[in-house]
Every structure is written in structure tokens, then in C-alpha cells.
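S.K.: Pasting a structure here, questions to come.
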Amino acid sequence: MNNVVSSGKRILVCCGTGCQAKCSMQIYDEFRKQLQVLNGIFQVKAQVKLTGCNGLCERGPMVKIYPDDISYYKVQVKDVAEIIEKTVIGSETVERLLYRDKKTGKYFRSQNDTVFFKGQKRIALRNIGEIDPESIEDYIGRGGYSALKKVLFQMRPEEVIDTIKESGLRGRGGAGFPAGYKWEACRRSEETLKYVVCNGNEGDPDVFIDRCIMEGDPNSIIEGMIIGAYAVGAKEGYIYIRDGYQLAIDNMYKAIEEAEKNRFLGKDILGSGMDFKIIIIRSGGAFVCGESTALIASIEGKKEQPRAEYTHCTQKGLWAHPTVLNNVETWVNIPEIILKGAEWFREIGTEDSKGTKVFSLLGDVNNKGLAEVSMDTSLRELIYSIGGGIPENRRFKAVQTGGPSGGFIPLSYLDVELDFQSLEEAGSIMGSGGLYVMDDRTCMVETAKNCIKFLAAECCGKCVPCKDGLRYMLETLERITSGKGGLKDINLLLELGEMMGEASLCALGKTAPNPVITTIRHFTDEYLEHIVNKSCRTGTCKALISTDRGAGK
């Protein structure tokens, strides 16, 4: 390497929570240390930056090198010296660290050529993995805060709301309510004191979409919230983040501080006369705070429970004042819609569901991680193309969308599109974007029981239909999986589900029966096996395992 001078490359090291658990910060530090030494000897002018999650969590830690557009996976500290010698200083690749397709065995230099990334359309995740989340300069360098400037100096609040309405953007937190109409209702209120709120609580287990956006692109959330505040006339906003998301909290605080220094937040933003501040609230992570009024009660310091009255938050929200509440993924779409226009966004997705949706792709699938796709993408394409299919070529059995209160979708529905209406027609929900794949070794009765067990533990206890309905459901499922169930229990579960769907106070209680109802609907034979034959075909339910039966056979 004598007398070698590099052409000035950029090294991006994924340092999201998942990769940090695999020592990515040590990899980042090792790059800095070795390059500092080499720069003094060989004038190696390379820049090292940490980024948020790239999405392909299954193969982290990930390192990207520009302008070569080379991506390395499962990098270890011991690989750093070789990467510097061959790729940063030289022009070779370290083949063993490239993306290797498990089906074809082919290697890919660029992440954009892989099946996982090629099938995606990134709007909400547009900056993650490409910028240092602690650098507002990086965000501005990719067009950040351009939408805010356009809004403040070229658009009236009503024009902003009309743009969001025309785009067809629906909330990405679960309910899918049209964002523009929510903003319009708040704008029309005659009250002068209004709020905007960002829900970053993300109570669904195994869902980490909002966390990764807050960790990897915090300024896009801030910019979206400022635009929303301008549109509805709010001067104060809150970001509600679950307490366990420490990296997300740290990066959001840093981004708010930098935005204030650069006059994007605070008094007289960019000389426009607009005042707006953002306050972070650390939550306990209660699942029920996916419901807007329960979240608002939590911010106010009250017990985390939904309220009974049917008054919308846009009329009577935080401290009884008009409030716009959207989740993280919804807010980060706003700047792109303002910059590129409503028509651009409307061309993506389906008639009912415009734009893209980010999914936490987990379970029995080869490429686990975050994937953002157009909402006209099918489940089959997401699981078998982007997701790389089922490990060990096992048979697909079901997929659950929408978290623990989502329904189970069988093989016959695999070509359903990932939009709000299609998923509801299949008996499931969009939810916040959890998507859990199951192969043929999964016991659907036990899986439904585990969902109900989680929901029963997270129930706020305010309304009897949800509280007692979940308790009776859990007791019934435990009878069935222990070999003590009867045929009447199937009807009991369906009756409980119908009652909860009609009488529960909030949407969380109404959707809670979905796991049970859909497993009975699509996997009746497994319930009958548990009840009549006292057997579990997968060997999961230990009380039903006989000596001549092996698990997974």
C-alpha cells in the first residue's frame, strides 16, 4: 500500500439498534481508528459515517461504500482492515461479504440490485441508511427542509391541507383515516390553542418501523410536524416515544436541538413569523396507547385508557383542545408529498390506498427486516420475492398482518394486495405494519392463544366486553390446547368474538378477536384435531403429544 492515495470515499456503517447489538459501533470506531492512522502515512482521504437501519436486519451489520456503490453484510471488526485495503484504497471487492442470493448463489455489489431492495419503493425510508441521523447538514443535503420553506413562503395553510387531501394519504398507524381530512377538521376549529402529536409508541411486539425512522431520519419527522402545525395553526407539538427506544430518543433530542439552532424550530421560524416548538414525552410503552385518546390521556399524566365519548381529537384532544395525531410513518411522508405533489403520490398504490407502506417482515422468512412497498404489492411478492421465501423450502402456512390483533391469512389469500381494504376483506388489518410469516410447523391454535394472552395482559381494563371477553377467550383456548376442550368451545369463541367486536369501547378491543376468528375460519381442522382427536399435528401443544408422534412430522 506504499504511496497510495485514495480518491476520497464515503463509508457508511449501519448503527441502528439491531446492528449495534451485533457490534456495529465497534466496526465504526475501528474504521475511524485505522483510517486516522493511514491518513497520516498514506494520505487516505476517506470519510466514515454512522447511519440508521438499512432494513435488511437479517444480514447486519451492513457497510456501504460510495461512490463505488458497494454494500457489505454481516461485517465484523476483523473485516475492517481488508475492506480498507481492497475497497477503500483499492478497487476490489471482498466477495464473501457481498449480498449472496440464497436461491441462485449470485453475488451483488449494490444493494439496489438485490431482490430485497429492488422490489421496494422507498418514501418513508428514503433517507435511512444514507445519512448520519445526528447531522442536520446531511438531511439538508438531500433536500431536507425544502418542503418547509415551500410551505412557509409559497403556500397558504388551506393549500397545504388541500394537497394532503388530494394525495390520498391515510394514517399509517392502523386506522387508516385520511390525514388531510383530519387536518382540515382541526383547522376549522375556532379555538386558537391547538396541538400536533406524533405517536412513536409502537406497542405491537416485533414491530420496529417507527423506531428505525426516529433513529435514522429524525429531521423528516420534525419537518412533517412543522408543516402540519402550519396547516392547522398549532404552536406546540409532542412526540410520544416509548421509554425503551433509547437511541430513538437520543437522536430525536439531538435533531430538535439542531433544528432550533438552524431556526427551523422555535420563534419566528426562518423569518416567517411562525412559532412552533416540539416536546418529547417518554411513554411506558402500553399497547393500548395505540388508541389516540389513551395516548392523549398518557401525555396529560392520566391513566392510559381510552375515553368513552365519541368526540374526535380534532375537536377535543390534548387538554381538551383541537389536536392532530399521526404516527411517525405518516409524518415522514408529508415533506415528500409537498415537494413532489399530490398527483405523484396518488399514482402509487391502489384506488383505496395511496402511496407505500413499511412492513416489519419477520417470522419464517429468509430476508427479515424492514421493507417499504407500494400498496398494490401482493403478499406473495413481499414474502417470496422481497422476503426471499421460506427457510429450508418449508411450506407456507399463514401470515399475520397488523400485529397481535391482526388476522391470520392462509395460502389461498396469498395474492391479496397490501392495501387497507383488501386486508380487511381477508379478515385481517393493516395495523402499524407488522407482518409475521409462519411455515407448516406452526400450530395455529397455540399461536392464536399466544396473541390473546398478550392482548389480555395489555388490556387497559376499562370496558367489560374487552376485559372479560379476552379472559374467557384465553381460558377457552387453554382448555383446547391442554386436551380438555369440547366442540361447544368453538361456538363460544365465535360468540365472544362477535360480542367484543360490537361492544368494546375502542378499536383495540374490537379487533382483538381477529386471531381467533380467522384461525377458526381458515384452520378449523386443527381445532377439531385438538378437541376431538386430542392431538396437535405440529407437536407444539405438549399436553397433546403422544409417544408415537414427533414434532413437525
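Residue numbering restarts at 1 for every chain of the C-alpha cells, chains are lettered A, B, ... in their displayed order, and ligands are numbered from 1 as they appear.
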May I have the residues within 8 Å of Gly224 (chain A) as a CSV table (one decimal) with N, CA, C and O atoms, in the first residue's frame, using only C-alpha atoms and disregarding those fewer than 2 positions away in the same chain?

M.R.:
chain,number,residue,atom,x,y,z
A,220,SER,N,-36.9,14.3,9.3
A,220,SER,CA,-38.0,14.2,8.5
A,220,SER,C,-39.3,14.2,9.3
A,220,SER,O,-40.4,14.8,8.8
A,221,ILE,N,-39.3,13.7,10.5
A,221,ILE,CA,-40.5,13.7,11.4
A,221,ILE,C,-40.7,15.2,11.8
A,221,ILE,O,-41.8,15.6,11.8
A,222,ILE,N,-39.7,15.8,12.2
A,222,ILE,CA,-39.8,17.2,12.6
A,222,ILE,C,-40.3,18.1,11.5
A,222,ILE,O,-41.2,18.9,11.7
A,226,ILE,N,-43.8,20.2,11.6
A,226,ILE,CA,-43.9,21.7,11.5
A,226,ILE,C,-44.9,22.1,10.3
A,226,ILE,O,-45.7,23.0,10.5
A,227,ILE,N,-44.8,21.3,9.2
A,227,ILE,CA,-45.7,21.6,8.1
A,227,ILE,C,-47.2,21.4,8.6
A,227,ILE,O,-48.1,22.2,8.3
A,228,GLY,N,-47.4,20.3,9.4
A,228,GLY,CA,-48.8,20.1,9.9
A,228,GLY,C,-49.2,21.2,10.8
A,228,GLY,O,-50.4,21.6,10.8
A,331,TRP,N,-46.1,11.1,9.4
A,331,TRP,CA,-45.5,12.4,9.3
A,331,TRP,C,-44.3,12.5,8.3
A,331,TRP,O,-44.1,13.5,7.7
A,332,VAL,N,-43.6,11.4,8.2
A,332,VAL,CA,-42.4,11.5,7.3
A,332,VAL,C,-42.8,11.5,5.8
A,332,VAL,O,-42.0,11.8,4.9
A,333,ASN,N,-44.0,11.1,5.5
A,333,ASN,CA,-44.5,11.2,4.1
A,333,ASN,C,-44.8,12.6,3.7
A,333,ASN,O,-44.8,13.0,2.5
A,334,ILE,N,-45.1,13.5,4.7
A,334,ILE,CA,-45.6,14.9,4.4
A,334,ILE,C,-44.6,15.7,3.5
A,334,ILE,O,-45.0,16.3,2.5
A,335,PRO,N,-43.3,15.8,3.9
A,335,PRO,CA,-42.4,16.6,3.1
A,335,PRO,C,-42.3,16.2,1.7
A,335,PRO,O,-42.3,17.0,0.7

S.K.: From a backbone DSSP assignment, name each residue in region 80-167 of chain A labelled strand (DSSP E), as a ChimeraX atom specification.

M.R.: /A:99-100,107-108

S.K.: For the residues selected in the previous step, produce a file with C-alpha atoms as a CSV table (one decimal), in the first residue's frame.

M.R.:
chain,number,residue,atom,x,y,z
A,99,TYR,CA,-25.1,-10.0,-0.7
A,100,ARG,CA,-25.5,-13.6,-1.9
A,107,TYR,CA,-23.4,-12.1,-5.6
A,108,PHE,CA,-24.4,-8.5,-5.8

S.K.: As an exercise, work out the distance from CA of Arg122 (chain A) to CA of Gly8 (chain A) in Å and give it to one decimal place.

M.R.: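 Separation between CA of Arg122 (chain A) and CA of Gly8 (chain A): 27.6 Å.
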
S.K.: Name the residues of region 222-274 of chain A that come out as helix (DSSP H, G or I) in a backbone DSSP run; write them as a ChimeraX atom specification.

M.R.: /A:222-232,246-261,269-271

S.K.: Which residues of region 374-427 of chain A sit at most 10 Å from region 112-121 of chain A, using only C-alpha atoms? Give each one's shortest atom pair and distance in Å (one decimal place), in chain and ascending residue order, as a Markdown table.

M.R.:
| residue | atom | partner | partner_atom | distance |
| --- | --- | --- | --- | --- |
| A:Ser374 | CA | A:Lys121 | CA | 6.2 |
| A:Met375 | CA | A:Lys121 | CA | 9.9 |
| A:Thr377 | CA | A:Gly119 | CA | 9.3 |
| A:Glu381 | CA | A:Gly119 | CA | 8.5 |
| A:Leu382 | CA | A:Gly119 | CA | 8.3 |
| A:Tyr384 | CA | A:Val115 | CA | 9.7 |
| A:Ser385 | CA | A:Val115 | CA | 6.3 |
| A:Ile386 | CA | A:Phe116 | CA | 4.2 |
| A:Gly387 | CA | A:Phe116 | CA | 6.4 |
| A:Gly388 | CA | A:Phe116 | CA | 7.4 |

S.K.: Would you tabulate, counting only C-alpha atoms, all residues of region 131-203 of chain A that have an atom at most 7 Å from an atom of region 271-286 of chain A, showing the closest pair of atoms and their distance in Å to one decimal, sorted by chain then ascending number, as a Markdown table?

M.R.:
| residue | atom | partner | partner_atom | distance |
| --- | --- | --- | --- | --- |
| A:Leu152 | CA | A:Ser272 | CA | 6.5 |
| A:Asn201 | CA | A:Gly285 | CA | 5.9 |
| A:Gly203 | CA | A:Gly285 | CA | 5.9 |

S.K.: With only C-alpha atoms as the basis for distance, which of A:Glu424, A:Asp525, A:Glu190, A:Asp243 is at the shortest distance from Lys316 (chain A)?

M.R.: A:Glu190
